[in-house]
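One structure below.
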Amino acid sequence: MFKALTSAALLVVATAGSALAQVPPSQVRAANLARMEAERINGGLSKYFTANCMHRSGGGNCLVNESADGYLFNFLGGAPGWEVNQQPASVQTKILIGPEGNQVKEVIYNGAPQ
């Protein structure tokens, strides 16, 4: 019984580890930079918080395109607690981060949700 549980636990850990390993480090850096840039241009964490997808490794489904130009993120944001309190987002941000994940190439849009 113990051996079966140990094997099952190892399978879960291995599966979770391989899922995390599939996100390239440059994508993780890019998502972090995109999130931090949005926080900066929208007044800081005391005034603004990004959607939950931007707090997942690599930006989750906020990453809308990856190309030689870099990583394109499109996400919502609002006052702290907006998502948890089921309030509408007040800001949408589209931002392109360089392919190495360490340079903001362009803030394409930062305004009212479209």
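Every chain in the structure tokens takes a letter, A first, then B, and so on in the order presented; its residues are numbered from 1, and the ligands are numbered from 1 following the presented order.
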
DSSP on the backbone: what in chain A comes out strand (DSSP E), as an mmCIF file with C-alpha atoms, in the first residue's frame?
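Result file is selection00.cif:
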data_model
loop_
_atom_site.group_PDB
_atom_site.id
_atom_site.type_symbol
_atom_site.label_atom_id
_atom_site.label_comp_id
_atom_site.auth_asym_id
_atom_site.auth_seq_id
_atom_site.Cartn_x
_atom_site.Cartn_y
_atom_site.Cartn_z
ATOM 1 C CA PHE A 49 -3.431 44.904 -9.544
ATOM 2 C CA THR A 50 -3.170 42.692 -12.624
ATOM 3 C CA LEU A 63 0.273 35.417 -23.155
ATOM 4 C CA VAL A 64 -1.418 35.831 -26.527
ATOM 5 C CA ASN A 65 1.538 35.505 -28.886
ATOM 6 C CA GLU A 66 5.148 34.418 -28.867
ATOM 7 C CA SER A 67 7.334 35.220 -31.880
ATOM 8 C CA GLY A 70 9.013 38.689 -28.275
ATOM 9 C CA TYR A 71 6.146 37.912 -25.950
ATOM 10 C CA LEU A 72 2.816 39.704 -26.353
ATOM 11 C CA PHE A 73 0.611 39.876 -23.272
ATOM 12 C CA ASN A 74 -2.969 41.114 -23.135
ATOM 13 C CA PHE A 75 -4.533 41.340 -19.689
ATOM 14 C CA LEU A 76 -6.965 43.187 -17.495
ATOM 15 C CA GLY A 77 -6.346 44.982 -14.240
ATOM 16 C CA GLY A 78 -7.981 47.220 -11.696
ATOM 17 C CA VAL A 91 -7.748 48.805 -17.282
ATOM 18 C CA GLN A 92 -6.622 46.624 -20.163
ATOM 19 C CA THR A 93 -2.947 46.394 -21.038
ATOM 20 C CA LYS A 94 -1.338 45.031 -24.199
ATOM 21 C CA ILE A 95 2.413 44.922 -23.892
ATOM 22 C CA LEU A 96 5.243 43.452 -25.965
ATOM 23 C CA ILE A 97 8.303 42.183 -24.124
ATOM 24 C CA VAL A 104 9.789 46.301 -22.624
ATOM 25 C CA LYS A 105 9.606 46.762 -26.377
ATOM 26 C CA GLU A 106 6.241 48.509 -26.533
ATOM 27 C CA VAL A 107 3.183 49.270 -24.468
ATOM 28 C CA ILE A 108 0.658 48.835 -27.273
ATOM 29 C CA TYR A 109 -2.388 49.761 -25.228
ATOM 30 C CA ASN A 110 -3.091 50.767 -21.657
ATOM 31 C CA GLY A 111 -6.571 52.107 -21.101
#

Could you give me, as CSV, every region 51-113 of chain A residue with an atom at most 6 Å from region 30-37 of chain A, plus its closest atom pair and distance in Å to one decimal, counting only C-alpha atoms, rows ordered by chain then number?
residue,atom,partner,partner_atom,distance
A:Gly58,CA,A:Ala31,CA,5.3
A:Gly59,CA,A:Ala31,CA,5.0
A:Ile97,CA,A:Ala30,CA,5.8
A:Gly101,CA,A:Ala30,CA,3.9

Mind dumping the selected residues with N, CA, C and O atoms as a short mmCIF file (atom, residue, chain, number, x, y, z; two decimals), in the first residue's frame?
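Dumped everything to out37.cif:
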data_model
loop_
_atom_site.label_atom_id
_atom_site.label_comp_id
_atom_site.auth_asym_id
_atom_site.auth_seq_id
_atom_site.Cartn_x
_atom_site.Cartn_y
_atom_site.Cartn_z
N GLY A 58 4.85 32.26 -16.44
CA GLY A 58 4.85 32.57 -17.87
C GLY A 58 3.66 33.39 -18.33
O GLY A 58 3.50 33.63 -19.52
N GLY A 59 2.81 33.81 -17.43
CA GLY A 59 1.68 34.64 -17.81
C GLY A 59 0.41 33.90 -18.16
O GLY A 59 -0.57 34.52 -18.56
N ILE A 97 7.03 42.33 -24.83
CA ILE A 97 8.30 42.18 -24.12
C ILE A 97 9.27 41.47 -25.07
O ILE A 97 8.90 40.54 -25.78
N GLY A 101 13.06 38.37 -22.68
CA GLY A 101 12.25 38.56 -21.48
C GLY A 101 12.73 39.66 -20.57
O GLY A 101 12.25 39.78 -19.45
#

**Asked** Mind pulling up the distance from CA of Val28 (chain A) to CA of Val84 (chain A)?
**Response** 23.7 Å

**Item:** Contacts of Glu83 (chain A) within 8 Å, only C-alpha atoms, excl. fewer than 4 positions in-chain, as a ChimeraX atom specification
**Value:** /A:51-52,78,87-89

**Item:** Å distance separating CA of Ala79 (chain A) from CA of Cys53 (chain A), one decimal place
**Value:** 15.8 Å

**Message:** Considering only alpha helix (DSSP H) as DSSP defines it on the backbone, what residues of chain A qualify? List them as a PyMOL selection string.
**Reply:** chain A and resi 2-21+25-41

Written file, previous selection with N, CA and C atoms, as a short mmCIF file (atom, residue, chain, number, x, y, z; two decimals), in the first residue's frame:
data_model
loop_
_atom_site.label_atom_id
_atom_site.label_comp_id
_atom_site.auth_asym_id
_atom_site.auth_seq_id
_atom_site.Cartn_x
_atom_site.Cartn_y
_atom_site.Cartn_z
N PHE A 2 1.88 1.28 0.90
CA PHE A 2 2.76 2.43 0.99
C PHE A 2 3.51 2.65 -0.32
N LYS A 3 3.95 1.53 -0.92
CA LYS A 3 4.69 1.63 -2.17
C LYS A 3 3.80 2.22 -3.27
N ALA A 4 2.54 1.82 -3.32
CA ALA A 4 1.62 2.35 -4.33
C ALA A 4 1.40 3.85 -4.11
N LEU A 5 1.24 4.27 -2.84
CA LEU A 5 1.05 5.69 -2.56
C LEU A 5 2.29 6.49 -2.91
N THR A 6 3.46 5.94 -2.60
CA THR A 6 4.71 6.62 -2.92
C THR A 6 4.85 6.77 -4.42
N SER A 7 4.53 5.72 -5.17
CA SER A 7 4.61 5.79 -6.63
C SER A 7 3.65 6.82 -7.19
N ALA A 8 2.44 6.87 -6.64
CA ALA A 8 1.45 7.84 -7.09
C ALA A 8 1.92 9.26 -6.79
N ALA A 9 2.49 9.47 -5.62
CA ALA A 9 2.97 10.79 -5.24
C ALA A 9 4.12 11.23 -6.15
N LEU A 10 5.01 10.31 -6.46
CA LEU A 10 6.12 10.63 -7.35
C LEU A 10 5.61 10.97 -8.75
N LEU A 11 4.58 10.29 -9.21
CA LEU A 11 4.01 10.57 -10.52
C LEU A 11 3.41 11.97 -10.55
N VAL A 12 2.72 12.35 -9.49
CA VAL A 12 2.13 13.70 -9.41
C VAL A 12 3.23 14.75 -9.42
N VAL A 13 4.27 14.55 -8.62
CA VAL A 13 5.38 15.49 -8.56
C VAL A 13 6.08 15.57 -9.90
N ALA A 14 6.33 14.46 -10.55
CA ALA A 14 6.99 14.45 -11.85
C ALA A 14 6.14 15.16 -12.90
N THR A 15 4.84 14.92 -12.87
CA THR A 15 3.94 15.57 -13.82
C THR A 15 3.93 17.07 -13.59
N ALA A 16 3.83 17.50 -12.35
CA ALA A 16 3.83 18.93 -12.04
C ALA A 16 5.16 19.55 -12.43
N GLY A 17 6.24 18.87 -12.15
CA GLY A 17 7.56 19.38 -12.51
C GLY A 17 7.74 19.52 -14.01
N SER A 18 7.25 18.55 -14.78
CA SER A 18 7.41 18.65 -16.23
C SER A 18 6.53 19.74 -16.80
N ALA A 19 5.38 20.00 -16.18
CA ALA A 19 4.51 21.08 -16.65
C ALA A 19 5.20 22.42 -16.44
N LEU A 20 5.85 22.57 -15.29
CA LEU A 20 6.57 23.81 -15.02
C LEU A 20 7.78 23.96 -15.93
N ALA A 21 8.44 22.86 -16.23
CA ALA A 21 9.64 22.90 -17.04
C ALA A 21 9.35 23.31 -18.49
N PRO A 25 12.52 29.99 -19.40
CA PRO A 25 12.88 31.07 -18.46
C PRO A 25 12.63 32.46 -19.05
N SER A 26 12.85 32.64 -20.34
CA SER A 26 12.63 33.95 -20.95
C SER A 26 11.15 34.34 -20.87
N GLN A 27 10.25 33.37 -20.98
CA GLN A 27 8.82 33.65 -20.88
C GLN A 27 8.44 34.03 -19.45
N VAL A 28 9.03 33.36 -18.48
CA VAL A 28 8.78 33.69 -17.08
C VAL A 28 9.25 35.11 -16.80
N ARG A 29 10.45 35.46 -17.27
CA ARG A 29 10.97 36.82 -17.09
C ARG A 29 10.06 37.84 -17.78
N ALA A 30 9.62 37.49 -19.00
CA ALA A 30 8.77 38.40 -19.77
C ALA A 30 7.46 38.68 -19.04
N ALA A 31 6.84 37.65 -18.51
CA ALA A 31 5.58 37.83 -17.78
C ALA A 31 5.79 38.69 -16.54
N ASN A 32 6.86 38.44 -15.81
CA ASN A 32 7.15 39.24 -14.62
C ASN A 32 7.38 40.70 -15.00
N LEU A 33 8.13 40.94 -16.06
CA LEU A 33 8.40 42.30 -16.50
C LEU A 33 7.13 42.99 -16.98
N ALA A 34 6.30 42.29 -17.73
CA ALA A 34 5.04 42.86 -18.21
C ALA A 34 4.15 43.24 -17.03
N ARG A 35 4.05 42.37 -16.06
CA ARG A 35 3.24 42.64 -14.87
C ARG A 35 3.78 43.85 -14.11
N MET A 36 5.08 43.90 -13.90
CA MET A 36 5.68 45.01 -13.16
C MET A 36 5.54 46.33 -13.92
N GLU A 37 5.66 46.30 -15.23
CA GLU A 37 5.50 47.51 -16.03
C GLU A 37 4.06 48.02 -15.94
N ALA A 38 3.10 47.13 -16.03
CA ALA A 38 1.69 47.52 -15.90
C ALA A 38 1.43 48.11 -14.51
N GLU A 39 1.99 47.50 -13.49
CA GLU A 39 1.82 48.03 -12.14
C GLU A 39 2.42 49.43 -12.04
N ARG A 40 3.58 49.62 -12.64
CA ARG A 40 4.26 50.92 -12.58
C ARG A 40 3.44 52.00 -13.30
N ILE A 41 3.01 51.72 -14.53
CA ILE A 41 2.34 52.76 -15.32
C ILE A 41 0.91 53.03 -14.84
#
